Each structure stands twice: as structure tokens, then as C-alpha cells.
$ cat protein_27.cif   # mmCIF, C-alpha atoms and all ligand atoms
data_structure
loop_
_atom_site.group_PDB
_atom_site.id
_atom_site.type_symbol
_atom_site.label_atom_id
_atom_site.label_comp_id
_atom_site.auth_asym_id
_atom_site.auth_seq_id
_atom_site.Cartn_x
_atom_site.Cartn_y
_atom_site.Cartn_z
ATOM 1 C CA MET C 30 93.572 71.551 138.505
ATOM 2 C CA GLY C 31 94.815 67.976 138.737
ATOM 3 C CA ASP C 32 98.314 68.258 137.308
ATOM 4 C CA ASN C 33 100.773 68.451 140.210
ATOM 5 C CA SER C 34 103.846 68.814 138.048
ATOM 6 C CA LEU C 35 102.676 72.286 136.969
ATOM 7 C CA LYS C 36 102.320 73.486 140.544
ATOM 8 C CA SER C 37 105.743 72.360 141.700
ATOM 9 C CA GLY C 38 108.259 74.703 143.273
ATOM 10 C CA GLY C 39 110.732 74.591 140.433
ATOM 11 C CA SER C 40 112.653 71.417 141.243
ATOM 12 C CA ILE C 41 110.709 69.443 138.678
ATOM 13 C CA GLU C 42 111.416 69.848 134.996
ATOM 14 C CA GLN C 43 109.939 72.908 133.294
ATOM 15 C CA PRO C 44 106.610 72.000 131.743
ATOM 16 C CA GLY C 45 107.621 73.688 128.494
ATOM 17 C CA MET C 46 107.516 77.204 127.272
ATOM 18 C CA VAL C 47 104.776 79.507 128.452
ATOM 19 C CA PRO C 48 103.007 80.550 125.265
ATOM 20 C CA LEU C 49 103.038 84.212 124.488
ATOM 21 C CA SER C 50 100.108 85.855 122.756
ATOM 22 C CA LEU C 51 100.721 88.275 119.925
ATOM 23 C CA LYS C 52 99.404 91.039 122.157
ATOM 24 C CA GLU C 53 101.952 90.205 124.856
ATOM 25 C CA ALA C 54 104.745 89.992 122.292
ATOM 26 C CA THR C 55 103.706 93.425 120.956
ATOM 27 C CA SER C 56 103.842 94.929 124.460
ATOM 28 C CA LEU C 57 107.324 93.485 124.986
ATOM 29 C CA MET C 58 108.544 94.925 121.694
ATOM 30 C CA ILE C 59 107.085 98.366 122.410
ATOM 31 C CA GLU C 60 108.498 98.298 125.939
ATOM 32 C CA LYS C 61 111.945 97.505 124.551
ATOM 33 C CA ALA C 62 111.651 100.268 121.934
ATOM 34 C CA LYS C 63 110.658 102.718 124.689
ATOM 35 C CA GLN C 64 113.794 101.816 126.650
ATOM 36 C CA LEU C 65 115.840 102.604 123.564
ATOM 37 C CA VAL C 66 114.064 105.958 123.145
ATOM 38 C CA ASN C 67 114.835 106.804 126.792
ATOM 39 C CA GLN C 68 118.488 105.899 126.328
ATOM 40 C CA LEU C 69 118.670 108.178 123.299
ATOM 41 C CA VAL C 70 116.934 111.049 125.095
ATOM 42 C CA ASP C 71 119.367 110.693 128.031
ATOM 43 C CA TYR C 72 122.316 110.588 125.668
ATOM 44 C CA ARG C 73 121.410 113.676 123.655
ATOM 45 C CA GLY C 74 119.828 115.542 126.554
ATOM 46 C CA HIS C 75 116.537 116.458 124.876
ATOM 47 C CA ASP C 76 113.438 114.839 123.430
ATOM 48 C CA LYS C 77 112.900 116.992 120.339
ATOM 49 C CA PRO C 78 111.914 115.223 117.120
ATOM 50 C CA PRO C 79 112.968 113.909 114.705
ATOM 51 C CA PHE C 80 114.185 110.628 116.155
ATOM 52 C CA LEU C 81 116.276 109.300 113.288
ATOM 53 C CA PRO C 82 117.346 105.655 112.930
ATOM 54 C CA GLU C 83 121.043 106.626 112.706
ATOM 55 C CA GLU C 84 120.812 108.117 116.194
ATOM 56 C CA TYR C 85 119.878 104.675 117.533
ATOM 57 C CA SER C 86 122.703 102.904 115.673
ATOM 58 C CA ARG C 87 125.277 103.207 118.467
ATOM 59 C CA LEU C 88 122.795 101.861 121.016
ATOM 60 C CA VAL C 89 122.110 98.636 119.111
ATOM 61 C CA ASN C 90 125.573 98.082 117.632
ATOM 62 C CA ILE C 91 124.836 99.010 114.027
ATOM 63 C CA ARG C 92 128.216 99.727 112.421
ATOM 64 C CA LYS C 93 126.884 101.438 109.361
ATOM 65 C CA THR C 94 123.889 102.038 107.141
ATOM 66 C CA GLN C 95 124.455 101.873 103.387
ATOM 67 C CA GLU C 96 122.124 103.115 100.685
ATOM 68 C CA THR C 97 122.229 100.569 97.867
ATOM 69 C CA ASN C 98 120.315 99.229 94.925
ATOM 70 C CA LEU C 99 117.970 96.626 96.414
ATOM 71 C CA GLY C 100 115.307 96.221 93.736
ATOM 72 C CA ASP C 101 111.970 95.543 95.442
ATOM 73 C CA THR C 102 113.450 95.053 98.904
ATOM 74 C CA SER C 103 113.171 97.939 101.363
ATOM 75 C CA ALA C 104 116.110 97.044 103.595
ATOM 76 C CA LEU C 105 118.378 94.218 104.730
ATOM 77 C CA LEU C 106 119.947 93.561 108.098
ATOM 78 C CA LEU C 107 123.346 91.851 108.049
ATOM 79 C CA LYS C 108 124.975 90.476 111.169
ATOM 80 C CA PHE C 109 128.777 90.410 111.502
ATOM 81 C CA HIS C 110 130.967 89.364 114.416
ATOM 82 C CA ASP C 111 131.465 93.004 115.393
ATOM 83 C CA GLY C 112 127.993 94.368 114.798
ATOM 84 C CA TYR C 113 125.224 94.945 112.263
ATOM 85 C CA VAL C 114 125.083 96.596 108.857
ATOM 86 C CA ILE C 115 121.820 97.858 107.375
ATOM 87 C CA LYS C 116 121.457 98.116 103.630
ATOM 88 C CA VAL C 117 118.583 100.355 102.635
ATOM 89 C CA ASN C 118 116.955 100.919 99.245
ATOM 90 C CA GLN C 119 118.502 104.035 97.671
ATOM 91 C CA ASP C 120 115.497 104.509 95.370
ATOM 92 C CA HIS C 121 113.032 104.969 98.228
ATOM 93 C CA SER C 122 112.182 108.390 99.674
ATOM 94 C CA GLN C 123 114.048 109.530 102.787
ATOM 95 C CA VAL C 124 110.986 109.032 105.022
ATOM 96 C CA ARG C 125 110.516 105.522 103.708
ATOM 97 C CA GLN C 126 114.197 104.753 104.288
ATOM 98 C CA ASN C 127 113.802 106.034 107.851
ATOM 99 C CA PHE C 128 110.949 103.628 108.483
ATOM 100 C CA SER C 129 112.777 100.706 106.839
ATOM 101 C CA CYS C 130 115.882 101.253 109.001
ATOM 102 C CA ALA C 131 113.790 101.587 112.168
ATOM 103 C CA HIS C 132 112.009 98.348 111.186
ATOM 104 C CA GLU C 133 115.403 96.599 110.934
ATOM 105 C CA ILE C 134 116.277 97.881 114.413
ATOM 106 C CA GLY C 135 112.998 96.211 115.398
ATOM 107 C CA HIS C 136 114.443 92.932 114.092
ATOM 108 C CA ILE C 137 117.516 93.404 116.317
ATOM 109 C CA LEU C 138 115.267 93.917 119.355
ATOM 110 C CA PHE C 139 113.135 90.944 118.335
ATOM 111 C CA SER C 140 115.959 88.439 117.861
ATOM 112 C CA SER C 141 118.935 89.578 119.926
ATOM 113 C CA ASP C 142 117.400 91.447 122.832
ATOM 114 C CA LEU C 143 114.076 89.735 123.422
ATOM 115 C CA LYS C 144 114.750 86.409 121.694
ATOM 116 C CA LEU C 145 111.108 86.270 120.677
ATOM 117 C CA GLU C 146 111.705 83.826 117.830
ATOM 118 C CA LYS C 147 111.159 80.804 120.033
ATOM 119 C CA TYR C 148 107.967 82.279 121.469
ATOM 120 C CA LEU C 149 106.579 82.997 118.051
ATOM 121 C CA HIS C 150 106.884 79.306 117.275
ATOM 122 C CA SER C 151 104.888 78.506 120.386
ATOM 123 C CA ILE C 152 101.889 80.566 119.292
ATOM 124 C CA GLU C 153 99.229 78.172 118.223
ATOM 125 C CA TYR C 154 97.769 79.075 114.874
ATOM 126 C CA ARG C 155 94.398 77.796 113.849
ATOM 127 C CA THR C 156 95.599 76.099 110.722
ATOM 128 C CA PHE C 157 96.764 72.638 109.817
ATOM 129 C CA ASN C 158 98.796 73.866 106.933
ATOM 130 C CA PRO C 159 102.452 74.159 108.049
ATOM 131 C CA ARG C 160 103.277 76.503 105.194
ATOM 132 C CA LYS C 161 100.471 78.825 106.280
ATOM 133 C CA THR C 162 101.738 78.713 109.866
ATOM 134 C CA THR C 163 105.183 79.780 108.686
ATOM 135 C CA ASP C 164 103.617 82.636 106.717
ATOM 136 C CA LEU C 165 101.640 83.747 109.760
ATOM 137 C CA GLN C 166 104.722 83.655 111.959
ATOM 138 C CA ALA C 167 106.600 85.736 109.409
ATOM 139 C CA SER C 168 103.810 88.282 109.096
ATOM 140 C CA ASP C 169 103.466 88.518 112.899
ATOM 141 C CA ARG C 170 107.177 89.137 113.160
ATOM 142 C CA GLU C 171 106.952 91.920 110.570
ATOM 143 C CA THR C 172 103.984 93.464 112.426
ATOM 144 C CA LEU C 173 105.978 93.420 115.671
ATOM 145 C CA CYS C 174 108.962 95.097 113.997
ATOM 146 C CA ASP C 175 106.658 97.757 112.527
ATOM 147 C CA ALA C 176 105.253 98.449 115.998
ATOM 148 C CA ALA C 177 108.789 98.920 117.328
ATOM 149 C CA ALA C 178 109.667 101.164 114.357
ATOM 150 C CA ALA C 179 106.649 103.395 115.029
ATOM 151 C CA GLU C 180 107.685 103.807 118.673
ATOM 152 C CA LEU C 181 111.320 104.534 117.758
ATOM 153 C CA LEU C 182 110.505 107.187 115.145
ATOM 154 C CA MET C 183 107.398 108.613 116.839
ATOM 155 C CA PRO C 184 107.774 107.960 120.589
ATOM 156 C CA GLU C 185 104.282 107.856 122.032
ATOM 157 C CA LEU C 186 104.662 110.541 124.710
ATOM 158 C CA VAL C 187 106.523 112.995 122.491
ATOM 159 C CA PHE C 188 104.140 112.423 119.576
ATOM 160 C CA ARG C 189 101.144 112.928 121.828
ATOM 161 C CA LYS C 190 102.606 116.220 123.105
ATOM 162 C CA TYR C 191 102.991 117.540 119.541
ATOM 163 C CA LEU C 192 99.575 116.196 118.606
ATOM 164 C CA SER C 193 97.939 118.080 121.459
ATOM 165 C CA THR C 194 99.721 121.267 120.355
ATOM 166 C CA PHE C 195 98.830 120.850 116.671
ATOM 167 C CA GLY C 196 95.364 119.377 117.289
ATOM 168 C CA ILE C 197 93.821 116.450 115.420
ATOM 169 C CA SER C 198 93.306 117.495 111.832
ATOM 170 C CA ILE C 199 94.479 116.754 108.311
ATOM 171 C CA ALA C 200 96.764 119.803 108.474
ATOM 172 C CA SER C 201 98.372 118.315 111.596
ATOM 173 C CA VAL C 202 99.098 115.066 109.773
ATOM 174 C CA GLU C 203 101.327 117.021 107.386
ATOM 175 C CA LEU C 204 102.967 118.967 110.226
ATOM 176 C CA LEU C 205 103.606 115.795 112.237
ATOM 177 C CA ALA C 206 104.990 113.915 109.231
ATOM 178 C CA ASN C 207 107.445 116.787 108.594
ATOM 179 C CA THR C 208 108.414 117.135 112.240
ATOM 180 C CA PHE C 209 109.054 113.418 112.797
ATOM 181 C CA LYS C 210 110.428 112.756 109.279
ATOM 182 C CA VAL C 211 107.942 109.996 108.545
ATOM 183 C CA SER C 212 105.471 109.387 105.721
ATOM 184 C CA LEU C 213 101.959 110.832 105.810
ATOM 185 C CA GLN C 214 100.664 107.266 106.107
ATOM 186 C CA SER C 215 102.800 106.539 109.181
ATOM 187 C CA ALA C 216 101.881 109.855 110.804
ATOM 188 C CA THR C 217 98.163 109.186 110.177
ATOM 189 C CA ARG C 218 98.354 105.717 111.687
ATOM 190 C CA ARG C 219 100.232 107.003 114.708
ATOM 191 C CA MET C 220 97.846 109.907 115.178
ATOM 192 C CA ALA C 221 94.896 107.575 115.508
ATOM 193 C CA GLU C 222 96.839 105.183 117.762
ATOM 194 C CA VAL C 223 98.036 107.689 120.340
ATOM 195 C CA SER C 224 95.187 110.194 120.234
ATOM 196 C CA ILE C 225 93.359 110.587 123.527
ATOM 197 C CA LYS C 226 90.370 112.034 121.700
ATOM 198 C CA PRO C 227 88.490 109.248 119.874
ATOM 199 C CA CYS C 228 89.498 109.394 116.235
ATOM 200 C CA VAL C 229 89.122 107.066 113.256
ATOM 201 C CA ALA C 230 91.761 107.415 110.529
ATOM 202 C CA ILE C 231 91.343 105.767 107.127
ATOM 203 C CA LEU C 232 93.613 105.666 104.098
ATOM 204 C CA TRP C 233 91.614 105.333 100.874
ATOM 205 C CA TYR C 234 93.023 104.122 97.568
ATOM 206 C CA PRO C 235 91.414 104.178 94.103
ATOM 207 C CA TRP C 236 89.655 101.009 93.077
ATOM 208 C CA PRO C 237 90.036 99.296 90.687
ATOM 209 C CA LYS C 238 93.541 100.638 90.259
ATOM 210 C CA SER C 239 93.554 100.966 86.479
ATOM 211 C CA LYS C 240 90.158 102.638 85.983
ATOM 212 C CA PRO C 241 88.929 103.890 89.356
ATOM 213 C CA LYS C 242 85.190 103.602 89.988
ATOM 214 C CA GLY C 243 85.682 104.882 93.480
ATOM 215 C CA LEU C 244 87.796 104.499 96.600
ATOM 216 C CA ARG C 245 88.411 101.663 98.997
ATOM 217 C CA PRO C 246 89.854 101.747 102.514
ATOM 218 C CA ALA C 247 93.299 100.167 102.689
ATOM 219 C CA LEU C 248 93.929 100.866 106.325
ATOM 220 C CA ARG C 249 91.734 101.803 109.227
ATOM 221 C CA ARG C 250 93.120 102.828 112.583
ATOM 222 C CA GLN C 251 91.594 104.228 115.687
ATOM 223 C CA SER C 252 92.466 105.202 119.192
ATOM 224 C CA ARG C 253 93.199 102.223 121.424
ATOM 225 C CA GLU C 254 90.554 100.731 123.664
ATOM 226 C CA LYS C 255 87.816 102.998 122.415
ATOM 227 C CA ALA C 256 84.753 102.252 120.322
ATOM 228 C CA ASN C 257 85.396 100.239 117.180
ATOM 229 C CA TYR C 258 83.897 102.253 114.361
ATOM 230 C CA MET C 259 83.795 100.862 110.837
ATOM 231 C CA PRO C 260 82.446 102.728 107.824
ATOM 232 C CA VAL C 261 78.977 101.345 106.955
ATOM 233 C CA HIS C 262 79.758 101.632 103.249
ATOM 234 C CA ASN C 263 83.252 100.422 102.518
ATOM 235 C CA ASN C 264 83.497 101.452 98.909
ATOM 236 C CA VAL C 265 82.750 105.032 97.988
ATOM 237 C CA GLY C 266 81.664 105.999 94.492
ATOM 238 C CA LEU C 267 82.689 108.684 92.030
ATOM 239 C CA SER C 268 80.015 111.087 93.236
ATOM 240 C CA SER C 269 81.016 110.955 96.887
ATOM 241 C CA ALA C 270 82.647 113.826 98.768
ATOM 242 C CA LEU C 271 85.648 111.597 99.482
ATOM 243 C CA TYR C 272 86.205 111.120 95.779
ATOM 244 C CA LYS C 273 86.274 114.923 95.405
ATOM 245 C CA ALA C 274 89.114 114.906 97.922
ATOM 246 C CA TYR C 275 90.880 112.419 95.652
ATOM 247 C CA GLN C 276 90.427 114.685 92.628
ATOM 248 C CA ASN C 277 91.374 118.003 94.243
ATOM 249 C CA ASP C 278 93.946 119.134 96.731
ATOM 250 C CA THR C 279 91.555 120.912 99.043
ATOM 251 C CA ILE C 280 90.340 119.663 102.411
ATOM 252 C CA ILE C 281 86.805 118.256 102.170
ATOM 253 C CA LYS C 282 84.442 118.244 105.137
ATOM 254 C CA THR C 283 81.536 115.842 105.088
ATOM 255 C CA TRP C 284 79.558 113.316 107.153
ATOM 256 C CA LYS C 285 79.700 109.558 106.928
ATOM 257 C CA LEU C 286 77.869 106.637 108.503
ATOM 258 C CA PHE C 287 79.887 104.456 110.859
ATOM 259 C CA LYS C 288 78.852 101.354 112.749
ATOM 260 C CA ASP C 289 80.056 99.980 116.041
ATOM 261 C CA GLY C 290 78.397 96.621 116.551
ATOM 262 C CA ASN C 291 74.686 97.366 116.148
ATOM 263 C CA THR C 292 75.028 101.084 116.661
ATOM 264 C CA VAL C 293 75.105 103.275 113.570
ATOM 265 C CA LYS C 294 76.301 106.854 113.928
ATOM 266 C CA ARG C 295 76.779 109.752 111.558
ATOM 267 C CA LEU C 296 80.222 111.179 112.168
ATOM 268 C CA PRO C 297 81.935 114.299 110.845
ATOM 269 C CA VAL C 298 84.729 113.497 108.400
ATOM 270 C CA GLU C 299 87.651 115.586 107.205
ATOM 271 C CA ALA C 300 89.525 114.321 104.131
ATOM 272 C CA LYS C 301 92.305 115.313 101.763
ATOM 273 C CA GLY C 302 94.075 113.755 98.787
ATOM 274 C CA PHE C 303 97.862 113.392 98.678
ATOM 275 C CA GLY C 304 100.486 112.169 96.219
ATOM 276 C CA HIS C 305 100.369 111.910 92.453
ATOM 277 C CA GLY C 306 99.423 109.430 89.768
ATOM 278 C CA GLU C 307 99.500 105.828 90.910
ATOM 279 C CA ASN C 308 100.527 106.849 94.392
ATOM 280 C CA ARG C 309 97.605 109.138 95.037
ATOM 281 C CA PHE C 310 95.467 108.380 98.079
ATOM 282 C CA VAL C 311 93.043 110.076 100.469
ATOM 283 C CA ILE C 312 93.379 110.396 104.216
ATOM 284 C CA SER C 313 90.154 110.766 106.177
ATOM 285 C CA LEU C 314 89.753 111.525 109.854
ATOM 286 C CA SER C 315 86.525 111.146 111.815
ATOM 287 C CA PHE C 316 85.776 112.157 115.346
ATOM 288 C CA SER C 317 83.456 109.891 117.247
ATOM 289 C CA ASP C 318 82.850 111.988 120.355
ATOM 290 C CA SER C 319 80.846 114.770 118.741
HETATM 291 ZN ZN ZN C 401 111.183 92.786 108.479
#

$ encode --input "protein_27.cif" --output "C-alpha cells" --more "lines below"
Ligand SMILES: [Zn+2]
Amino acid sequence: MGDNSLKSGGSIEQPGMVPLSLKEATSLMIEKAKQLVNQLVDYRGHDKPPFLPEEYSRLVNIRKTQETNLGDTSALLLKFHDGYVIKVNQDHSQVRQNFSCAHEIGHILFSSDLKLEKYLHSIEYRTFNPRKTTDLQASDRETLCDAAAAELLMPELVFRKYLSTFGISIASVELLANTFKVSLQSATRRMAEVSIKPCVAILWYPWPKSKPKGLRPALRRQSREKANYMPVHNNVGLSSALYKAYQNDTIIKTWKLFKDGNTVKRLPVEAKGFGHGENRFVISLSFSDS
């Protein structure tokens, strides 16, 4: 309470930058992405999906998007005096290219529109290793751009409308992914994020990769500001129902134990395997209100 310089009416020098938490930075990014979605909807006169990255190009001064050979890189954003050029990996699937381009638009919002770079440097990381701090800043920036990409491709309100029509189910994940031209993984993540009904979505991958002895969760998402359910048993074995979903293409219905703090609950689970060979994975959905 003692520092008068902080309470001054603005005539005294600024006491430095107000730090921004990652949560606040995320809200700013999503807010900015929502403005872009609204501009696009006004421009085209309807809000029907898909929302493709090329439709946003004009709004953020992207001159062109080129499919090129990029090796392991998903996409690159190049800045010229008269606008941006996105180079996107020609070997990636169309839905992956869509996400990569939307992610690069996220970078434009991050740097040019919101100028968040300087704020990111003001976040205090609990590490004394400068290299680690740089890594954390970079990974936060990527997370923020992913959040913007999700909003651009799957605008919350529109996605929620389709979700309530389709209902929350594995079959809906496929319908939503097709409608919004995104990957099954992105649609699953988004479904859990925007769902009003409590829902836990998990992507499971074989483990170990070479000779699977079971499945492991690679990503867990659930509806915002609801209970925080974690599977009690993280790894599932070869005899589990989830592993059957991995082996067959049918939808498996089962029950699984979840914990939220000290509370353990048995929740209904619906799961299905997707993809082939090395890229095969299982999506499971659980509903915590039943
Ligand atoms: Zn990036």
C-alpha cells in the first residue's frame, strides 16, 4: 500500500508493463479471433461452416497461400512490405493444412494486432534457466496461436449450434470434423471445450509405439469450468474394452473410473478407433452428469 508512485494520476512515469497472465493473453487472442469471425460472417452474409483459412486472408492482409515442400515443418509465415505469404506443407492432409494456415493467422493476430510479444516476455516463469524460459515463451505462443486457430475454424457459437443438433457422441465427432473441415482430433478437442453438457474427451495412442501393450492418453479435454475428471487408471491394457476399440472399427460402450480430487466416479464411456497403422488412435467420450 505504501508506494505512492503506483497510485499517481498518470503524470509520473509508468511503473512498467502490467504483467499479463497466460489466461488473460488467451482471452485476448480468442476475442481477436472472434472479431475476425464476425467480420467474415458480415462479409459473406451467413455463418455456415466451413470457415476456411483462405476466407480470412483478405481480412488479415495475406497475399497468397502456397503449398510447398516443407519437410517436417507444417507452415511458414513470411512478412513482406505489402502483406503476408503463408507456405504450407503440401504433403499434409487438407484438414491439417487448414489448421496450420489458421495457426499462422493466429501469429498475425499475436504479433501485429495484439502485439503480445512484449507481454509474453513479462510473464514470470518459475525457472532460473534462461533457455527454459525462452522455450516456455515459445510454447505459450504456440498454444495461443492454436487457441485462435480453433476459434477461426470452429467458431464457438456456430460449433455449439451444430453440436446441439448432432448431439455429443463419437458419430458427431466425425460429422463435425467433416462439416468444419478439421481433423477428428481438433473436432474432439473442440467438442469437449464448447459442450454445455459436461463431457470428458480423451485421445488414446498405443504404447509403447513399436509393440503396443496397451493405450495411453495423449490428450484430455473437458468442458470449461466444470468438474476436473481424470481417468483413475491412465494406461489401459490389451484386455480392456478401449483396446478393443483400437483393434476394431466399431463403437465400444463401457464404463471407466474417473477421479475428481478425492471423488471417484464410474462414468459411461463411448470409444472408437480411427486411422491406420502408425496413425491409429482411439477417441473416448465420457459424460459426467449421468
Ligand atoms: Zn506457430

$ residues_near_ligand --input "protein_27.cif" --ligand "ligand ZN 401 (chain C)" --cutoff "10 Å" --atoms "all atoms listed in the file" --output "ChimeraX atom specification"
/C:103-106,129-136,167-175

$ atom_distance --input "protein_27.cif" --atom1 "CA of Phe80 in chain C" --atom2 "CA of Thr94 in chain C"
15.8 Å

$ closest_residue --input "protein_27.cif" --among "C:Lys144, C:Lys238, C:Arg92, C:His75" --to "Met58 in chain C" --atoms "only C-alpha atoms"
C:Lys144

$ axis_aligned_box --input "protein_27.cif" --around "range 91-110 of chain C" --padding-each-side "5 Å" --output "JSON"
{"center_x": 121.5, "center_y": 96.2, "center_z": 104.1, "size_x": 29.0, "size_y": 23.8, "size_z": 30.7}

$ resolve_selection --input "protein_27.cif" --expression "the PyMOL selection byres (((chain C and resi 292-305) around 7) and not hetatm)" --output "VMD selection string"
chain C and resid 199 271 274 to 275 277 to 291 306 to 317

$ atom_distance --input "protein_27.cif" --atom1 "CA of Leu192 in chain C" --atom2 "CA of Phe139 in chain C"
28.7 Å

$ resolve_selection --input "protein_27.cif" --expression "the PyMOL selection byres (((chain C and resi 67) around 12) and not hetatm)" --output "PyMOL selection string"
chain C and resi 60-66+68-76+80+85+88+180-181+184-187

$ residues_around --input "protein_27.cif" --residues "Lys190 in chain C" --least-positions-apart "4" --cutoff "12 Å" --atoms "all atoms listed in the file" --output "ChimeraX atom specification"
/C:76-78,183-186,194-197,205,220,223-225

$ resolve_selection --input "protein_27.cif" --expression "the PyMOL selection byres (((chain C and resi 98) around 12) and not hetatm)" --output "number ranges by chain"
C: 95-97, 99-105, 116-121

$ closest_residue --input "protein_27.cif" --among "C:Leu244, C:Ala177, C:Leu204, C:Leu57" --to "Val265 in chain C" --atoms "only C-alpha atoms"
C:Leu244

$ build_atoms --input "protein_27.cif" --residues "range 211-239 of chain C" --atoms "N, CA and C atoms" --output "PDB file, in the frame of the given file"
ATOM      1  N   VAL C 211     108.591 111.259 108.914  1.00  0.00           N
ATOM      2  CA  VAL C 211     107.942 109.996 108.545  1.00  0.00           C
ATOM      3  C   VAL C 211     106.958 110.269 107.411  1.00  0.00           C
ATOM      4  N   SER C 212     106.434 109.214 106.807  1.00  0.00           N
ATOM      5  CA  SER C 212     105.471 109.387 105.721  1.00  0.00           C
ATOM      6  C   SER C 212     104.133 109.868 106.280  1.00  0.00           C
ATOM      7  N   LEU C 213     103.302 110.404 105.401  1.00  0.00           N
ATOM      8  CA  LEU C 213     101.959 110.832 105.810  1.00  0.00           C
ATOM      9  C   LEU C 213     101.169 109.638 106.330  1.00  0.00           C
ATOM     10  N   GLN C 214     101.371 108.471 105.690  1.00  0.00           N
ATOM     11  CA  GLN C 214     100.664 107.266 106.107  1.00  0.00           C
ATOM     12  C   GLN C 214     101.037 106.870 107.540  1.00  0.00           C
ATOM     13  N   SER C 215     102.344 106.907 107.832  1.00  0.00           N
ATOM     14  CA  SER C 215     102.800 106.539 109.181  1.00  0.00           C
ATOM     15  C   SER C 215     102.294 107.537 110.222  1.00  0.00           C
ATOM     16  N   ALA C 216     102.334 108.825 109.862  1.00  0.00           N
ATOM     17  CA  ALA C 216     101.881 109.855 110.804  1.00  0.00           C
ATOM     18  C   ALA C 216     100.381 109.707 111.076  1.00  0.00           C
ATOM     19  N   THR C 217      99.612 109.361 110.022  1.00  0.00           N
ATOM     20  CA  THR C 217      98.163 109.186 110.177  1.00  0.00           C
ATOM     21  C   THR C 217      97.860 108.032 111.128  1.00  0.00           C
ATOM     22  N   ARG C 218      98.528 106.909 110.875  1.00  0.00           N
ATOM     23  CA  ARG C 218      98.354 105.717 111.687  1.00  0.00           C
ATOM     24  C   ARG C 218      98.658 106.016 113.159  1.00  0.00           C
ATOM     25  N   ARG C 219      99.783 106.697 113.360  1.00  0.00           N
ATOM     26  CA  ARG C 219     100.232 107.003 114.708  1.00  0.00           C
ATOM     27  C   ARG C 219      99.281 107.969 115.393  1.00  0.00           C
ATOM     28  N   MET C 220      98.766 108.928 114.622  1.00  0.00           N
ATOM     29  CA  MET C 220      97.846 109.907 115.178  1.00  0.00           C
ATOM     30  C   MET C 220      96.628 109.213 115.778  1.00  0.00           C
ATOM     31  N   ALA C 221      96.071 108.283 115.025  1.00  0.00           N
ATOM     32  CA  ALA C 221      94.896 107.575 115.508  1.00  0.00           C
ATOM     33  C   ALA C 221      95.249 106.691 116.711  1.00  0.00           C
ATOM     34  N   GLU C 222      96.428 106.084 116.674  1.00  0.00           N
ATOM     35  CA  GLU C 222      96.839 105.183 117.762  1.00  0.00           C
ATOM     36  C   GLU C 222      97.016 105.893 119.092  1.00  0.00           C
ATOM     37  N   VAL C 223      97.678 107.061 119.069  1.00  0.00           N
ATOM     38  CA  VAL C 223      98.036 107.689 120.340  1.00  0.00           C
ATOM     39  C   VAL C 223      97.063 108.777 120.782  1.00  0.00           C
ATOM     40  N   SER C 224      96.124 109.127 119.902  1.00  0.00           N
ATOM     41  CA  SER C 224      95.187 110.194 120.234  1.00  0.00           C
ATOM     42  C   SER C 224      94.352 109.840 121.465  1.00  0.00           C
ATOM     43  N   ILE C 225      94.194 110.807 122.345  1.00  0.00           N
ATOM     44  CA  ILE C 225      93.359 110.587 123.527  1.00  0.00           C
ATOM     45  C   ILE C 225      91.900 110.817 123.141  1.00  0.00           C
ATOM     46  N   LYS C 226      91.703 111.770 122.241  1.00  0.00           N
ATOM     47  CA  LYS C 226      90.370 112.034 121.700  1.00  0.00           C
ATOM     48  C   LYS C 226      90.035 110.914 120.715  1.00  0.00           C
ATOM     49  N   PRO C 227      88.821 110.321 120.816  1.00  0.00           N
ATOM     50  CA  PRO C 227      88.490 109.248 119.874  1.00  0.00           C
ATOM     51  C   PRO C 227      88.569 109.724 118.424  1.00  0.00           C
ATOM     52  N   CYS C 228      89.243 108.960 117.603  1.00  0.00           N
ATOM     53  CA  CYS C 228      89.498 109.394 116.235  1.00  0.00           C
ATOM     54  C   CYS C 228      89.651 108.164 115.349  1.00  0.00           C
ATOM     55  N   VAL C 229      88.988 108.172 114.203  1.00  0.00           N
ATOM     56  CA  VAL C 229      89.122 107.066 113.256  1.00  0.00           C
ATOM     57  C   VAL C 229      89.859 107.584 112.025  1.00  0.00           C
ATOM     58  N   ALA C 230      90.990 106.987 111.698  1.00  0.00           N
ATOM     59  CA  ALA C 230      91.761 107.415 110.529  1.00  0.00           C
ATOM     60  C   ALA C 230      91.687 106.330 109.464  1.00  0.00           C
ATOM     61  N   ILE C 231      91.413 106.738 108.222  1.00  0.00           N
ATOM     62  CA  ILE C 231      91.343 105.767 107.127  1.00  0.00           C
ATOM     63  C   ILE C 231      92.163 106.270 105.941  1.00  0.00           C
ATOM     64  N   LEU C 232      92.933 105.355 105.355  1.00  0.00           N
ATOM     65  CA  LEU C 232      93.613 105.666 104.098  1.00  0.00           C
ATOM     66  C   LEU C 232      92.790 105.030 102.987  1.00  0.00           C
ATOM     67  N   TRP C 233      92.430 105.819 101.989  1.00  0.00           N
ATOM     68  CA  TRP C 233      91.614 105.333 100.874  1.00  0.00           C
ATOM     69  C   TRP C 233      92.435 105.309  99.591  1.00  0.00           C
ATOM     70  N   TYR C 234      92.318 104.224  98.847  1.00  0.00           N
ATOM     71  CA  TYR C 234      93.023 104.122  97.568  1.00  0.00           C
ATOM     72  C   TYR C 234      92.013 103.896  96.452  1.00  0.00           C
ATOM     73  N   PRO C 235      92.347 104.365  95.214  1.00  0.00           N
ATOM     74  CA  PRO C 235      91.414 104.178  94.103  1.00  0.00           C
ATOM     75  C   PRO C 235      91.207 102.701  93.810  1.00  0.00           C
ATOM     76  N   TRP C 236      89.994 102.387  93.369  1.00  0.00           N
ATOM     77  CA  TRP C 236      89.655 101.009  93.077  1.00  0.00           C
ATOM     78  C   TRP C 236      88.660 100.921  91.932  1.00  0.00           C
ATOM     79  N   PRO C 237      88.796 100.058  90.922  1.00  0.00           N
ATOM     80  CA  PRO C 237      90.036  99.296  90.687  1.00  0.00           C
ATOM     81  C   PRO C 237      91.170 100.234  90.259  1.00  0.00           C
ATOM     82  N   LYS C 238      92.384  99.770  90.412  1.00  0.00           N
ATOM     83  CA  LYS C 238      93.541 100.638  90.259  1.00  0.00           C
ATOM     84  C   LYS C 238      93.632 101.278  88.876  1.00  0.00           C
ATOM     85  N   SER C 239      93.379 100.473  87.843  1.00  0.00           N
ATOM     86  CA  SER C 239      93.554 100.966  86.479  1.00  0.00           C
ATOM     87  C   SER C 239      92.511 102.018  86.101  1.00  0.00           C
TER      88      SER C 239
END
